[in-house]
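K.L.:
Before we start, here is the structure in question, set down as C-alpha cells.
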Amino acid sequence: MAEHETGTFPPFSTGLAGRCPHCGKAGMFSGFLTLKPQCEVCGLDYGFADSADGPAVFVILIVGFIVIALVLWAEVSYQPPLWLHAVIFLPLAVLLSLGGLRLAKGVLIALQFYHRAGESRRDDGR
C-alpha cells in the first residue's frame with residue numbers, strides 16, 4: 001500500500017459524494033463503478049482501493065430488506081395480484097440496487113483510505 005496521510009475529510013460524506021478521500025475535490029470514478037487510476041487534483045493513487053464484493057453485499061442486504069418489507073406490507077394491506085407485485089417491486093429493487101451500489105463503493109473506498117486498510121501480506125512479501 002502506498003504511503004499517504006489521512007485527509008481531514010469525513011469518509012462517509014466524501015464516499016457518498018464520490019469524491020477523493022484525501023482532498024475531497026475531484027471525483028474518484030471515471031465510469032459508473034470504475035475507479036480512476038489517481039486523483040486529478042492531489043494525485044492520490046487509488047491502487048490501495050479494493051472494495052471487492054463488499055458494496056454488493058451491503059446493497060443486497062439493505063435493498064432486500066426494504067423491498068421485501070414493502071412487498072409484505074402491500075400483500076397484507078391490499079392483496080394485489082402477483083403480476084402487479086412484479087411490475088412494481090422488480091424495477092424498484094433494480095433501481096435501488098443500482099443507485100446504492102456506487103454509493104456503497106464510494107463509502108467503502110473512503111473508509112479504506114481513512115483507516116489505512118490494505119491487502120494483508122506476509123513477511124516474505126507474498
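By order in the C-alpha cells, chains are A, B, ...; within a chain, residues start at 1; ligands start at 1, following the order shown.
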Using only C-alpha atoms, determine which residues lie at most 7 Å from region 77-91 of chain A, disregarding the query and same-chain residues fewer than 4 positions distant; provide the list as number ranges by chain.

P.N.:
A: 67, 73, 95

K.L.:
Using only C-alpha atoms, determine which residues lie at most 10 Å from Ala117 (chain A), disregarding the query and same-chain residues fewer than 6 positions distant; provide the list as a list of chain:residue names.

P.N.:
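Near Ala117 (chain A), the qualifying residues are A:Met1, A:Phe48, A:Ala49, A:Asp50, A:Ile109, A:Leu111.
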
K.L.:
Just the selected residues (N, CA and C atoms), exported as a PDB file, in the first residue's frame, please.

P.N.:
ATOM      1  N   MET A   1       0.843  -1.173   0.000  1.00  0.00           N
ATOM      2  CA  MET A   1       0.000   0.000   0.000  1.00  0.00           C
ATOM      3  C   MET A   1       0.885   1.232   0.000  1.00  0.00           C
ATOM      4  N   PHE A  48      -4.579   1.440  -3.741  1.00  0.00           N
ATOM      5  CA  PHE A  48      -4.867   0.828  -2.441  1.00  0.00           C
ATOM      6  C   PHE A  48      -6.312   0.348  -2.355  1.00  0.00           C
ATOM      7  N   ALA A  49      -7.172   0.879  -3.189  1.00  0.00           N
ATOM      8  CA  ALA A  49      -8.608   0.646  -3.063  1.00  0.00           C
ATOM      9  C   ALA A  49      -9.014  -0.680  -3.694  1.00  0.00           C
ATOM     10  N   ASP A  50      -9.598  -1.523  -2.884  1.00  0.00           N
ATOM     11  CA  ASP A  50     -10.151  -2.777  -3.373  1.00  0.00           C
ATOM     12  C   ASP A  50     -11.396  -3.076  -2.548  1.00  0.00           C
ATOM     13  N   ILE A 109     -14.450   2.628  -0.116  1.00  0.00           N
ATOM     14  CA  ILE A 109     -13.117   3.057  -0.533  1.00  0.00           C
ATOM     15  C   ILE A 109     -12.634   4.201   0.352  1.00  0.00           C
ATOM     16  N   LEU A 111     -13.497   4.711   3.419  1.00  0.00           N
ATOM     17  CA  LEU A 111     -13.174   4.114   4.721  1.00  0.00           C
ATOM     18  C   LEU A 111     -11.843   3.367   4.671  1.00  0.00           C
TER      19      LEU A 111
END

K.L.:
Suppose you want the space between CA of Phe113 (chain A) and CA of Gly99 (chain A); what is it in Å?

P.N.:
22.4 Å

K.L.:
Of the candidates A:Val41, A:Pro55, A:Thr14, A:Ala69, which shows the shortest atom-to-atom distance to Arg102 (chain A), using only C-alpha atoms?

P.N.:
A:Pro55

K.L.:
Write out as a VMD selection string which residues come within 10 Å of Leu35 (chain A) when counting only C-alpha atoms, dropping same-chain ones fewer than 3 positions away.

P.N.:
chain A and resid 18 27 to 32 38 to 39 46 to 47 49 to 50 105 to 106 109

K.L.:
Quick one: distance from CA of Lys36 (chain A) to CA of Pro10 (chain A) in Å, one decimal?

P.N.:
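So the two atoms, CA of Lys36 (chain A) and CA of Pro10 (chain A), lie 20.3 Å apart.
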
K.L.:
For a quick check of understanding, using only C-alpha atoms, which of A:Val57, A:Ala52, A:Leu70, A:Leu103 has the smallest distance to Gly118 (chain A)?

P.N.:
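Selected residue with least distance to Gly118 (chain A): A:Ala52.
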
K.L.:
From the options A:Val63, A:Cys42, A:Leu92, A:Ala104, which residue's atoms come nearest to Ser13 (chain A), counting only C-alpha atoms?

P.N.:
A:Ala104

K.L.:
What is the distance, in Å and to one decimal place, between CA of Leu44 (chain A) and CA of Ala17 (chain A)?

P.N.:
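We find that CA of Leu44 (chain A) and CA of Ala17 (chain A) lie 16.9 Å from each other.
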